[in-house]
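Undergrad: File protein35.txt follows (compact mmCIF, C-alpha atoms (C1' of nucleotides)):
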```txt
# COMPACT_ATOMS: atom_id res chain seq x y z
CA MET K 1 -169.08 -76.37 -17.78
CA LEU K 2 -170.56 -74.85 -14.66
CA ASP K 3 -171.06 -77.15 -11.69
CA ILE K 4 -174.69 -78.21 -11.56
CA ARG K 5 -174.61 -77.55 -7.83
CA PHE K 6 -173.60 -73.96 -8.44
CA ILE K 7 -176.46 -73.56 -10.90
CA ARG K 8 -178.86 -75.18 -8.43
CA GLU K 9 -177.80 -72.86 -5.62
CA ASN K 10 -177.46 -69.65 -7.65
CA PRO K 11 -180.07 -69.76 -10.40
CA ASP K 12 -180.58 -65.99 -10.41
CA GLN K 13 -176.90 -65.28 -10.74
CA VAL K 14 -176.69 -67.75 -13.63
CA ALA K 15 -179.70 -66.18 -15.36
CA LYS K 16 -178.18 -62.74 -14.97
CA GLY K 17 -174.87 -63.87 -16.43
CA LEU K 18 -176.59 -65.57 -19.30
CA SER K 19 -178.48 -62.48 -20.28
CA ALA K 20 -175.30 -60.38 -20.03
CA LYS K 21 -173.69 -62.74 -22.50
CA GLY K 22 -176.72 -62.64 -24.73
CA ILE K 23 -177.32 -66.37 -24.49
CA SER K 24 -180.64 -67.86 -23.57
CA VAL K 25 -180.88 -71.19 -21.77
CA ASP K 26 -183.90 -72.66 -20.07
CA ILE K 27 -182.58 -72.76 -16.51
CA GLN K 28 -185.92 -73.75 -14.99
CA THR K 29 -186.13 -76.88 -17.13
CA LEU K 30 -182.59 -77.70 -16.12
CA LEU K 31 -183.42 -77.36 -12.45
CA ASP K 32 -186.60 -79.40 -12.81
CA LEU K 33 -184.71 -82.21 -14.51
CA ASP K 34 -182.01 -82.03 -11.85
CA LEU K 35 -184.56 -82.34 -9.06
CA GLU K 36 -186.31 -85.21 -10.80
CA LYS K 37 -183.03 -86.98 -11.26
CA ARG K 38 -182.02 -86.62 -7.65
CA THR K 39 -185.39 -87.85 -6.48
CA LEU K 40 -185.13 -90.98 -8.58
CA LEU K 41 -181.52 -91.45 -7.59
CA LYS K 42 -182.49 -91.43 -3.95
CA GLN K 43 -185.11 -94.12 -4.51
CA SER K 44 -182.63 -96.20 -6.44
CA GLU K 45 -180.04 -95.81 -3.72
CA GLU K 46 -182.47 -96.86 -1.04
CA LEU K 47 -183.13 -100.07 -2.94
CA LYS K 48 -179.42 -100.59 -3.41
CA ALA K 49 -178.88 -100.20 0.31
CA LYS K 50 -181.43 -102.98 0.89
CA ARG K 51 -179.82 -105.17 -1.70
CA ASN K 52 -176.37 -104.65 -0.22
CA SER K 53 -177.45 -105.70 3.24
CA ALA K 54 -179.41 -108.64 1.82
CA SER K 55 -176.29 -109.74 -0.04
CA ASP K 56 -174.38 -109.87 3.20
CA ASN K 57 -177.21 -111.89 4.67
CA ILE K 58 -177.20 -114.36 1.81
CA ALA K 59 -173.49 -114.90 2.21
CA ARG K 60 -173.89 -115.50 5.93
CA LEU K 61 -176.90 -117.81 5.56
CA LYS K 62 -175.15 -119.88 2.91
CA LYS K 63 -172.15 -120.30 5.12
CA GLN K 64 -174.39 -121.59 7.89
CA GLY K 65 -176.21 -123.90 5.49
CA HIS K 66 -179.59 -122.17 5.70
CA PRO K 67 -181.90 -121.92 2.67
CA THR K 68 -181.76 -118.66 0.72
CA ASP K 69 -184.28 -119.19 -2.09
CA VAL K 70 -186.86 -116.72 -0.82
CA ILE K 71 -184.49 -113.87 -0.20
CA ILE K 72 -182.75 -114.42 -3.53
CA ALA K 73 -186.08 -114.27 -5.35
CA GLU K 74 -186.86 -111.02 -3.55
CA MET K 75 -183.57 -109.50 -4.49
CA LYS K 76 -184.01 -110.56 -8.08
CA SER K 77 -187.04 -108.35 -8.42
CA ALA K 78 -185.35 -105.58 -6.46
CA SER K 79 -182.46 -105.64 -8.92
CA GLN K 80 -184.90 -105.31 -11.79
CA LYS K 81 -186.41 -102.22 -10.17
CA ILE K 82 -182.95 -100.77 -9.61
CA ALA K 83 -182.12 -101.27 -13.28
CA ASP K 84 -185.31 -99.43 -14.25
CA PHE K 85 -184.52 -96.54 -11.94
CA ASP K 86 -180.96 -96.29 -13.18
CA ALA K 87 -182.09 -96.28 -16.80
CA LYS K 88 -184.34 -93.30 -16.09
CA VAL K 89 -181.59 -91.57 -14.15
CA GLY K 90 -179.27 -92.10 -17.11
CA GLU K 91 -181.74 -90.51 -19.50
CA LEU K 92 -182.20 -87.53 -17.23
CA SER K 93 -178.44 -87.13 -16.86
CA GLU K 94 -178.08 -86.91 -20.60
CA LYS K 95 -180.77 -84.26 -20.87
CA ILE K 96 -179.21 -82.29 -18.04
CA GLU K 97 -175.76 -82.49 -19.56
CA LYS K 98 -177.08 -81.30 -22.89
CA ILE K 99 -178.51 -78.15 -21.37
CA ALA K 100 -175.69 -77.54 -18.90
CA ILE K 101 -173.00 -77.70 -21.55
CA SER K 102 -174.64 -74.82 -23.40
CA ILE K 103 -174.32 -72.53 -20.38
CA PRO K 104 -171.30 -70.25 -20.78
CA ASN K 105 -169.00 -69.05 -18.05
CA LEU K 106 -170.52 -66.08 -16.25
CA PRO K 107 -169.06 -62.56 -16.53
CA LEU K 108 -167.46 -61.14 -13.40
CA SER K 109 -169.19 -58.21 -11.76
CA ASP K 110 -166.78 -55.58 -13.10
CA VAL K 111 -167.30 -56.61 -16.72
CA PRO K 112 -169.40 -54.03 -18.55
CA VAL K 113 -172.72 -55.47 -19.63
CA SER K 114 -173.12 -55.07 -23.37
CA LYS K 115 -174.74 -56.59 -26.37
CA GLY K 116 -171.58 -56.70 -28.39
CA ALA K 117 -168.29 -54.89 -28.91
CA GLU K 118 -169.85 -51.48 -28.22
CA GLY K 119 -169.44 -52.15 -24.49
CA ASN K 120 -165.68 -52.58 -24.73
CA LYS K 121 -163.63 -50.21 -22.63
CA VAL K 122 -160.13 -48.97 -23.31
CA ILE K 123 -158.22 -49.42 -20.05
CA ARG K 124 -154.85 -47.98 -21.00
CA THR K 125 -152.73 -47.12 -23.99
CA TRP K 126 -148.99 -47.53 -24.38
CA GLY K 127 -146.67 -45.85 -26.87
CA GLU K 128 -147.29 -43.33 -29.59
CA PRO K 129 -148.63 -44.39 -32.97
CA ARG K 130 -145.91 -43.56 -35.49
CA LYS K 131 -146.48 -40.86 -38.07
CA PHE K 132 -145.10 -41.16 -41.55
CA GLY K 133 -144.42 -38.35 -43.97
CA PHE K 134 -145.37 -40.47 -46.94
CA LYS K 135 -148.02 -42.93 -48.00
CA ILE K 136 -147.08 -46.17 -46.35
CA LYS K 137 -147.52 -49.69 -47.69
CA ASP K 138 -149.57 -52.19 -45.72
CA HIS K 139 -148.11 -55.49 -44.56
CA LEU K 140 -149.16 -57.39 -47.65
CA GLU K 141 -147.56 -54.94 -50.07
CA LEU K 142 -144.41 -54.93 -47.99
CA ALA K 143 -144.34 -58.68 -47.79
CA VAL K 144 -144.71 -59.07 -51.53
CA LYS K 145 -142.02 -56.53 -52.19
CA LEU K 146 -139.60 -58.09 -49.72
CA GLY K 147 -140.59 -61.69 -50.41
CA LEU K 148 -141.52 -62.34 -46.78
CA PHE K 149 -144.52 -64.52 -47.41
CA SER K 150 -146.88 -65.59 -50.14
CA MET K 151 -150.60 -66.15 -50.03
CA GLU K 152 -150.58 -67.54 -53.58
CA LYS K 153 -148.09 -70.29 -52.84
CA GLY K 154 -150.19 -71.28 -49.86
CA SER K 155 -153.31 -71.42 -52.01
CA LYS K 156 -151.51 -73.66 -54.41
CA ILE K 157 -150.31 -76.25 -51.93
CA THR K 158 -153.29 -76.04 -49.57
CA GLY K 159 -155.97 -73.41 -50.13
CA ALA K 160 -156.79 -69.77 -49.47
CA GLY K 161 -155.75 -68.53 -46.06
CA PHE K 162 -152.64 -70.64 -45.63
CA PRO K 163 -149.63 -68.32 -45.87
CA VAL K 164 -146.18 -69.58 -46.74
CA TYR K 165 -143.26 -67.68 -45.26
CA PHE K 166 -139.92 -67.33 -46.99
CA GLY K 167 -136.48 -66.07 -46.05
CA ALA K 168 -136.59 -63.20 -43.57
CA GLY K 169 -140.35 -63.69 -43.21
CA ALA K 170 -139.91 -67.30 -42.11
CA LYS K 171 -137.07 -66.30 -39.85
CA LEU K 172 -139.15 -63.53 -38.31
CA GLU K 173 -141.96 -65.95 -37.53
CA ARG K 174 -139.54 -68.39 -35.91
CA ALA K 175 -137.69 -65.65 -34.06
CA LEU K 176 -140.88 -64.17 -32.63
CA ILE K 177 -141.95 -67.54 -31.30
CA SER K 178 -138.59 -68.07 -29.61
CA PHE K 179 -138.49 -64.53 -28.31
CA MET K 180 -141.91 -64.73 -26.71
CA ILE K 181 -141.36 -68.11 -25.12
CA ASP K 182 -137.96 -67.11 -23.80
CA LEU K 183 -139.34 -63.91 -22.34
CA HIS K 184 -142.17 -65.71 -20.54
CA VAL K 185 -139.87 -68.43 -19.27
CA LYS K 186 -136.91 -66.34 -18.18
CA LYS K 187 -138.57 -63.15 -17.05
CA HIS K 188 -142.08 -64.21 -16.06
CA GLY K 189 -141.45 -67.69 -14.68
CA TYR K 190 -143.63 -69.76 -17.01
CA THR K 191 -142.81 -73.35 -17.87
CA GLU K 192 -142.48 -74.05 -21.55
CA VAL K 193 -144.85 -76.62 -23.04
CA TRP K 194 -144.65 -78.12 -26.50
CA ALA K 195 -148.00 -79.77 -27.09
CA PRO K 196 -149.88 -81.64 -29.82
CA ALA K 197 -151.80 -79.61 -32.38
CA ILE K 198 -154.44 -82.32 -32.54
CA VAL K 199 -156.65 -83.03 -29.56
CA ASN K 200 -159.61 -85.25 -28.81
CA ARG K 201 -163.21 -84.28 -28.41
CA ALA K 202 -163.08 -84.34 -24.60
CA SER K 203 -160.40 -81.64 -24.67
CA MET K 204 -162.48 -79.45 -26.95
CA ARG K 205 -165.32 -79.75 -24.50
CA GLY K 206 -162.98 -79.15 -21.61
CA THR K 207 -162.19 -75.63 -22.72
CA GLY K 208 -165.65 -74.97 -24.10
CA GLN K 209 -164.94 -74.84 -27.84
CA ILE K 210 -167.55 -77.55 -28.15
CA PRO K 211 -170.48 -77.22 -28.46
CA LYS K 212 -170.55 -73.61 -29.66
CA MET K 213 -167.52 -73.43 -31.97
CA GLU K 214 -167.47 -76.94 -33.40
CA GLU K 215 -168.33 -75.75 -36.89
CA ASP K 216 -165.32 -73.47 -36.90
CA MET K 217 -162.79 -76.22 -36.32
CA TYR K 218 -161.13 -78.75 -38.55
CA ALA K 219 -162.42 -82.17 -37.57
CA LEU K 220 -160.43 -85.34 -38.09
CA ALA K 221 -161.14 -89.03 -37.82
CA ALA K 222 -159.11 -90.98 -35.27
CA GLY K 223 -158.61 -93.93 -37.59
CA GLU K 224 -159.01 -95.01 -41.21
CA SER K 225 -162.53 -96.30 -40.91
CA GLU K 226 -163.62 -93.92 -38.19
CA GLU K 227 -165.93 -90.97 -38.50
CA LYS K 228 -164.71 -87.39 -38.40
CA GLY K 229 -165.08 -85.53 -35.11
CA ALA K 230 -163.00 -87.68 -32.77
CA TYR K 231 -159.99 -85.42 -33.17
CA PHE K 232 -159.69 -81.74 -34.00
CA LEU K 233 -156.95 -79.42 -35.13
CA ILE K 234 -156.57 -76.97 -32.29
CA PRO K 235 -157.80 -73.38 -32.77
CA THR K 236 -155.45 -72.21 -30.00
CA ALA K 237 -152.86 -73.71 -27.66
CA GLU K 238 -155.24 -72.86 -24.86
CA VAL K 239 -156.94 -76.16 -25.65
CA PRO K 240 -154.09 -78.66 -25.23
CA ILE K 241 -152.35 -76.69 -22.50
CA THR K 242 -155.40 -76.09 -20.32
CA ASN K 243 -156.58 -79.65 -20.77
CA LEU K 244 -153.31 -80.94 -19.36
CA MET K 245 -155.01 -80.57 -15.99
CA ARG K 246 -158.48 -81.72 -17.00
CA ASP K 247 -160.08 -83.97 -14.38
CA GLU K 248 -157.13 -83.52 -12.10
CA THR K 249 -156.77 -81.97 -8.70
CA ILE K 250 -153.78 -79.71 -8.26
CA GLU K 251 -152.20 -79.53 -4.82
CA GLU K 252 -152.63 -76.04 -3.42
CA LYS K 253 -148.91 -75.88 -2.68
CA ASP K 254 -148.19 -76.35 -6.39
CA LEU K 255 -150.18 -73.26 -7.40
CA PRO K 256 -149.86 -71.22 -9.42
CA VAL K 257 -148.95 -73.43 -12.36
CA LYS K 258 -147.80 -71.23 -15.23
CA TYR K 259 -147.45 -72.58 -18.74
CA THR K 260 -146.46 -70.98 -21.99
CA GLY K 261 -146.29 -72.72 -25.29
CA TYR K 262 -146.22 -72.32 -29.01
CA THR K 263 -148.50 -74.18 -31.37
CA PRO K 264 -149.83 -73.65 -34.83
CA CYS K 265 -153.52 -72.75 -34.70
CA PHE K 266 -156.20 -73.78 -37.17
CA ARG K 267 -159.49 -72.05 -37.74
CA LYS K 268 -162.02 -72.45 -40.50
CA GLU K 269 -163.25 -68.89 -39.94
CA ALA K 270 -166.50 -69.95 -41.53
CA GLY K 271 -168.69 -67.01 -42.45
CA SER K 272 -166.04 -64.37 -41.92
CA TYR K 273 -165.04 -63.89 -45.53
CA GLY K 274 -164.70 -60.34 -46.68
CA LYS K 275 -164.04 -58.98 -43.21
CA ASP K 276 -160.47 -57.95 -42.47
CA THR K 277 -159.16 -60.76 -44.58
CA ARG K 278 -156.32 -59.02 -46.34
CA GLY K 279 -152.94 -60.74 -46.07
CA LEU K 280 -152.35 -62.24 -42.66
CA SER K 281 -155.29 -60.52 -40.99
CA ARG K 282 -157.45 -63.60 -40.89
CA VAL K 283 -156.01 -66.91 -41.99
CA HIS K 284 -156.78 -70.59 -41.46
CA GLN K 285 -153.42 -71.47 -40.01
CA PHE K 286 -151.30 -69.19 -37.88
CA ASP K 287 -148.77 -69.34 -35.09
CA LYS K 288 -149.34 -68.32 -31.53
CA VAL K 289 -147.53 -68.39 -28.21
CA GLU K 290 -150.08 -68.96 -25.47
CA MET K 291 -149.98 -68.32 -21.74
CA VAL K 292 -152.04 -70.37 -19.29
CA LYS K 293 -152.14 -70.10 -15.52
CA PHE K 294 -153.80 -72.36 -12.98
CA VAL K 295 -154.42 -70.28 -9.89
CA LYS K 296 -156.49 -70.12 -6.73
CA PRO K 297 -159.97 -68.69 -7.34
CA GLU K 298 -159.46 -65.99 -4.71
CA GLY K 299 -156.52 -64.40 -6.51
CA SER K 300 -157.80 -65.13 -9.95
CA GLU K 301 -158.47 -61.57 -11.12
CA LYS K 302 -155.09 -60.34 -9.96
CA GLU K 303 -153.46 -63.26 -11.73
CA LEU K 304 -155.28 -62.37 -14.92
CA GLU K 305 -154.03 -58.84 -14.69
CA SER K 306 -150.45 -59.96 -14.19
CA LEU K 307 -150.83 -62.28 -17.16
CA VAL K 308 -151.99 -59.37 -19.27
CA LYS K 309 -148.93 -57.43 -18.10
CA ASP K 310 -146.72 -60.34 -19.11
CA ALA K 311 -148.25 -60.23 -22.56
CA GLU K 312 -147.85 -56.45 -22.74
CA ASP K 313 -144.18 -56.93 -22.03
CA VAL K 314 -143.87 -58.59 -25.42
CA LEU K 315 -145.37 -55.62 -27.22
CA GLN K 316 -143.30 -53.13 -25.25
CA ALA K 317 -140.09 -54.99 -26.04
CA LEU K 318 -141.08 -54.91 -29.70
CA GLU K 319 -141.92 -51.21 -29.35
CA LEU K 320 -145.39 -51.67 -30.75
CA PRO K 321 -147.90 -49.05 -29.62
CA TYR K 322 -150.94 -50.81 -28.19
CA ARG K 323 -153.97 -50.42 -26.01
CA VAL K 324 -155.59 -52.71 -23.49
CA VAL K 325 -159.31 -53.23 -23.92
CA LEU K 326 -161.67 -54.74 -21.39
CA LEU K 327 -164.30 -56.62 -23.35
CA GLY K 328 -167.96 -56.12 -22.65
CA SER K 329 -170.01 -59.15 -21.67
CA GLY K 330 -171.50 -59.56 -25.13
CA ASP K 331 -168.12 -59.65 -26.84
CA MET K 332 -166.52 -62.26 -24.60
CA SER K 333 -165.99 -65.85 -25.55
CA PHE K 334 -168.04 -68.72 -24.17
CA ALA K 335 -165.55 -69.75 -21.54
CA ALA K 336 -164.47 -66.28 -20.43
CA ALA K 337 -165.45 -64.63 -17.15
CA LYS K 338 -163.39 -61.57 -17.96
CA CYS K 339 -161.29 -60.76 -20.98
CA PHE K 340 -158.72 -58.19 -21.99
CA ASP K 341 -157.75 -57.77 -25.61
CA LEU K 342 -154.42 -56.28 -26.60
CA GLU K 343 -154.75 -54.18 -29.72
CA VAL K 344 -151.78 -52.94 -31.69
CA TRP K 345 -151.87 -49.81 -33.81
CA ALA K 346 -151.83 -50.74 -37.47
CA PRO K 347 -150.54 -47.65 -39.29
CA ALA K 348 -151.54 -48.66 -42.82
CA THR K 349 -155.20 -49.12 -41.99
CA GLU K 350 -155.05 -46.63 -39.14
CA LYS K 351 -156.91 -49.00 -36.89
CA TRP K 352 -156.36 -50.81 -33.63
CA PHE K 353 -155.84 -54.44 -34.40
CA GLU K 354 -156.35 -57.30 -31.96
CA VAL K 355 -153.24 -59.36 -31.48
C1' G S 1 -150.01 -104.06 -39.35
C1' G S 2 -148.74 -108.76 -36.25
C1' A S 3 -147.57 -111.24 -31.36
C1' G S 4 -147.36 -110.98 -26.15
C1' A S 5 -147.81 -108.72 -21.09
C1' G S 6 -150.49 -105.44 -18.26
C1' G S 7 -154.01 -101.32 -16.32
C1' U S 8 -156.18 -101.95 -8.38
C1' G S 9 -155.60 -96.14 -3.19
C1' G S 10 -150.37 -90.38 -3.52
C1' C S 11 -146.65 -94.48 -4.99
C1' A S 12 -145.24 -99.77 -5.01
C1' G S 13 -148.03 -104.07 -4.83
C1' A S 14 -151.54 -108.35 -3.00
C1' G S 15 -156.31 -109.86 -3.97
C1' U S 16 -159.73 -114.86 -9.13
C1' G S 17 -167.67 -114.75 -7.12
C1' G S 18 -170.03 -113.22 -0.94
C1' U S 19 -168.99 -109.15 5.91
C1' C S 20 -163.36 -106.30 0.02
C1' G S 21 -163.25 -99.75 -0.39
C1' A S 22 -159.82 -103.44 -0.76
C1' A S 23 -153.86 -106.96 2.68
C1' U S 24 -148.88 -105.32 3.13
C1' G S 25 -144.93 -101.86 2.38
C1' C S 26 -143.48 -96.80 1.26
C1' G S 27 -144.96 -91.89 1.59
C1' G S 28 -148.19 -88.15 4.34
C1' C S 29 -150.34 -86.53 9.07
C1' G S 30 -150.64 -86.83 14.66
C1' G S 31 -148.23 -88.73 18.94
C1' U S 32 -144.46 -91.33 22.36
C1' C S 33 -139.19 -90.99 23.13
C1' U S 34 -135.39 -86.65 22.58
C1' C S 35 -132.44 -80.37 24.41
C1' G S 36 -133.71 -80.91 19.17
C1' A S 37 -133.54 -84.25 15.12
C1' A S 38 -132.87 -89.20 13.08
C1' A S 39 -134.18 -94.16 14.24
C1' A S 40 -137.78 -97.04 16.70
C1' C S 41 -142.70 -97.61 18.38
C1' C S 42 -148.20 -96.32 18.59
C1' G S 43 -152.24 -94.25 16.00
C1' U S 44 -154.16 -92.25 11.60
C1' U S 45 -154.48 -91.51 6.28
C1' A S 46 -158.90 -92.36 -1.02
C1' U S 47 -162.41 -89.76 -4.06
C1' C S 48 -167.15 -88.34 -5.76
C1' C S 49 -172.58 -88.06 -5.26
C1' U S 50 -176.64 -87.66 -1.98
C1' C S 51 -179.67 -86.86 2.70
C1' G S 52 -178.77 -84.00 7.28
C1' C S 53 -178.03 -77.60 11.06
C1' A S 54 -174.74 -81.20 12.93
C1' A S 55 -173.30 -85.84 14.65
C1' G S 56 -173.80 -89.11 11.19
C1' G S 57 -176.48 -92.20 7.42
C1' G S 58 -176.82 -94.09 2.39
C1' G S 59 -174.89 -94.82 -2.63
C1' A S 60 -171.02 -95.11 -6.32
C1' U S 61 -165.93 -95.79 -7.75
C1' C S 62 -160.39 -101.44 -8.69
C1' A S 63 -158.88 -98.14 -17.11
C1' U S 64 -163.95 -97.23 -19.79
C1' A S 65 -168.71 -99.06 -21.49
C1' G S 66 -171.93 -103.10 -21.64
C1' G S 67 -173.27 -108.25 -20.02
C1' U S 68 -173.86 -112.74 -16.60
C1' U S 69 -175.43 -113.18 -11.25
C1' C S 70 -179.47 -112.49 -5.55
C1' G S 71 -174.34 -110.55 -5.28
C1' A S 72 -168.51 -108.68 -9.57
C1' A S 73 -161.95 -105.72 -8.40
C1' U S 74 -162.69 -111.09 -9.35
C1' C S 75 -166.44 -114.35 -14.83
C1' C S 76 -167.87 -112.78 -20.27
C1' U S 77 -167.80 -109.01 -24.50
C1' A S 78 -166.22 -104.52 -26.72
C1' U S 79 -163.30 -100.22 -26.46
C1' C S 80 -159.24 -97.12 -24.69
C1' C S 81 -154.42 -96.72 -22.69
C1' U S 82 -149.30 -98.42 -21.20
C1' C S 83 -145.08 -101.66 -21.89
C1' U S 84 -142.06 -105.53 -24.74
C1' C S 85 -140.87 -107.86 -29.40
C1' C S 86 -141.49 -108.23 -34.91
C1' G S 87 -142.86 -105.76 -39.50
C1' C S 88 -143.62 -101.11 -42.19
C1' C S 89 -141.77 -96.24 -42.36
C1' A S 90 -143.11 -90.69 -47.60
```
Hey, can you dump this file as structure tokens for me?

TA:
Amino acid sequence: MLDIRFIRENPDQVAKGLSAKGISVDIQTLLDLDLEKRTLLKQSEELKAKRNSASDNIARLKKQGHPTDVIIAEMKSASQKIADFDAKVGELSEKIEKIAISIPNLPLSDVPVSKGAEGNKVIRTWGEPRKFGFKIKDHLELAVKLGLFSMEKGSKITGAGFPVYFGAGAKLERALISFMIDLHVKKHGYTEVWAPAIVNRASMRGTGQIPKMEEDMYALAAGESEEKGAYFLIPTAEVPITNLMRDETIEEKDLPVKYTGYTPCFRKEAGSYGKDTRGLSRVHQFDKVEMVKFVKPEGSEKELESLVKDAEDVLQALELPYRVVLLGSGDMSFAAAKCFDLEVWAPATEKWFEV
RNA sequence: GGAGAGGUGGCAGAGUGGUCGAAUGCGGCGGUCUCGAAAACCGUUAUCCUCGCAAGGGGAUCAUAGGUUCGAAUCCUAUCCUCUCCGCCA
């Protein structure tokens, strides 16, 4: 969530960013509520200042054996007024929070402004797409033939979109996870994290999945008699790993903090049926090795670029032709200020495929 | 699931209704001493919000949320978390 102070001081910049992301939020109402809240807060605090000094007085007078009835009666009514003020302030805070949480991160200035994916820009390409002198099988056909994984078995034990890997397929999945983590740890200096795949609501808000993506996540109850929505299956390791630092201050000398970690990822993918759903293209549970860096704001863009390079290293080592795409503002996620996608050439479909 | 103990500043740890944002120690920072360092000594050292150009003022914060009270770290209620023991454990 953006700092309300930042919004207060840079309303035009926020409005501009919002429109670039194609999201509309009533900033003026937000600012009005914020001003109203601060005005009331000031009045409440003035009363509290009076009450605090009166309290000291009462203590002193009592010690000296003087009567305190009058001043206590006065303070009683002052306390009632304070309670009224604070109740109003509380209401306003809730309204403000509700609006503020729906404001996405703002795109950086070098992000192309676009409505959707049409603004995406290919930055660079690596490797040569392989040519085959015969009609090639796609990954699903290959997998079936080689017994690498089964969608049917997954449907049976869970439901559609939950692949089960067997033999070399299972080993490949496990090996890729180890390979990526080891590469990031040994070569790129990340610290390995093994985190829970279930997180609480505060974490989902922390990385901005809530409110916008709540419908796309698997919600769980925290206890037997509890309601669903206290816990969630994570859609990406970004959630647990980034939230490790939520509400904390990191010493500047400790920066950058670099984490990499594997987790399973769970996504309902509601409403996306029929679109690139063949085989493993879009499933409800998949495995991912994530990279997260906590860095100083000043060097943030450079750090992002080096992170992208670290990720590219994986594809290069695997000799997979890929391209780096800078997303346009309209195609970026809620929490992103700038985003690069890595897309691998998929020979069977002859398309670039986001990995 | 049951029983108990506990959650206070960067850390350890006092504080059980009133000048308590909080003793003391450690750590950090500055200084004295020293060629330099250590030791010793002296001083200093929480965060957030808000008003202010600033100096500075005010408010909030002792796990969290409520409550009692003129006044709460301190009393009451609920919740969360940590630790110890017992039980259960596909």

Undergrad: Name the closest residue to G6 in chain S among the candidates S:C81, S:A22, S:A90, S:C53; distances are taken between atoms, counting only C-alpha atoms (C1' of nucleotides).

TA: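 Using only C-alpha atoms (C1' of nucleotides), the shortest distance to G6 in chain S belongs to S:C81.
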
Undergrad: Using only C-alpha atoms (C1' of nucleotides), find which residues of chain S lie within 10 Å of chain K and jot them down as a PDB file with C-alpha atoms (C1' of nucleotides), in the frame of the given file.

TA:
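Now in part-v4.pdb:
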```
ATOM      1  C1'   G S  18    -170.030-113.220  -0.940  1.00  0.00           C
ATOM      2  C1'   U S  19    -168.990-109.150   5.910  1.00  0.00           C
ATOM      3  C1'   C S  49    -172.580 -88.060  -5.260  1.00  0.00           C
ATOM      4  C1'   U S  50    -176.640 -87.660  -1.980  1.00  0.00           C
ATOM      5  C1'   C S  51    -179.670 -86.860   2.700  1.00  0.00           C
ATOM      6  C1'   G S  58    -176.820 -94.090   2.390  1.00  0.00           C
ATOM      7  C1'   G S  59    -174.890 -94.820  -2.630  1.00  0.00           C
ATOM      8  C1'   A S  60    -171.020 -95.110  -6.320  1.00  0.00           C
ATOM      9  C1'   U S  69    -175.430-113.180 -11.250  1.00  0.00           C
ATOM     10  C1'   C S  70    -179.470-112.490  -5.550  1.00  0.00           C
ATOM     11  C1'   G S  71    -174.340-110.550  -5.280  1.00  0.00           C
TER      12        G S  71
END
```

Undergrad: Any idea what's packed within 12 Å of A63 in chain S, counting only C-alpha atoms (C1' of nucleotides), ignoring anything in its chain fewer than 5 positions away? Could you give it as a PyMOL selection string?

TA: chain S and resi 6-8+73+79-82

Undergrad: Kindly export the residues of the current selection with C-alpha atoms (C1' of nucleotides), as a PDB file, in the frame of the given file.

TA:
```pdb
ATOM      1  C1'   G S   6    -150.490-105.440 -18.260  1.00  0.00           C
ATOM      2  C1'   G S   7    -154.010-101.320 -16.320  1.00  0.00           C
ATOM      3  C1'   U S   8    -156.180-101.950  -8.380  1.00  0.00           C
ATOM      4  C1'   A S  73    -161.950-105.720  -8.400  1.00  0.00           C
ATOM      5  C1'   U S  79    -163.300-100.220 -26.460  1.00  0.00           C
ATOM      6  C1'   C S  80    -159.240 -97.120 -24.690  1.00  0.00           C
ATOM      7  C1'   C S  81    -154.420 -96.720 -22.690  1.00  0.00           C
ATOM      8  C1'   U S  82    -149.300 -98.420 -21.200  1.00  0.00           C
TER       9        U S  82
END
```

Undergrad: Can you pull out every residue within 10 Å of Ile210 in chain K, counting all atoms listed in the file, but drop anything in the same chain fewer than 5 positions away, and send it as a ChimeraX atom specification?

TA: /K:101-102,201-205,215-217,334

Undergrad: Would you pick out the contacts of U32 in chain S at 12 Å or less, using all atoms listed in the file, so that residues sharing its chain but fewer than 5 positions from it are not included, and give the list as a ChimeraX atom specification?

TA: /S:40-43

Undergrad: Take the residues just selected and output them with C-alpha atoms (C1' of nucleotides) as a PDB file, in the frame of the given file.

TA:
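Saved file part-v4.pdb follows:
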```
ATOM      1  C1'   A S  40    -137.780 -97.040  16.700  1.00  0.00           C
ATOM      2  C1'   C S  41    -142.700 -97.610  18.380  1.00  0.00           C
ATOM      3  C1'   C S  42    -148.200 -96.320  18.590  1.00  0.00           C
ATOM      4  C1'   G S  43    -152.240 -94.250  16.000  1.00  0.00           C
TER       5        G S  43
END
```

Undergrad: Please compute the CA of His139 in chain K-CA of Ala160 in chain K distance, one decimal, in Å.

TA: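 These two atoms are separated by 17.4 Å.
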
Undergrad: Distance CA of Leu255 in chain K-CA of Thr191 in chain K, one decimal place?

TA: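 Answer for the CA of Leu255 in chain K to CA of Thr191 in chain K separation: 12.8 Å.
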
Undergrad: Using N, CA and C atoms, give me range 110-114 of chain K from the structure I just pasted, as a compact mmCIF listing (two decimals), in the first residue's frame.

TA:
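Full text of result32.txt as output:
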```txt
# COMPACT_ATOMS: atom_id res chain seq x y z
N ASP K 110 10.07 4.95 -16.93
CA ASP K 110 10.50 4.33 -18.18
C ASP K 110 9.64 3.13 -18.58
N VAL K 111 8.53 2.94 -17.88
CA VAL K 111 7.61 1.87 -18.26
C VAL K 111 6.67 2.40 -19.34
N PRO K 112 6.58 1.71 -20.46
CA PRO K 112 5.68 2.18 -21.51
C PRO K 112 4.24 2.21 -21.02
N VAL K 113 3.56 3.31 -21.31
CA VAL K 113 2.15 3.40 -20.91
C VAL K 113 1.31 2.64 -21.94
N SER K 114 0.50 1.74 -21.44
CA SER K 114 -0.31 0.93 -22.36
C SER K 114 -1.58 0.47 -21.67
```
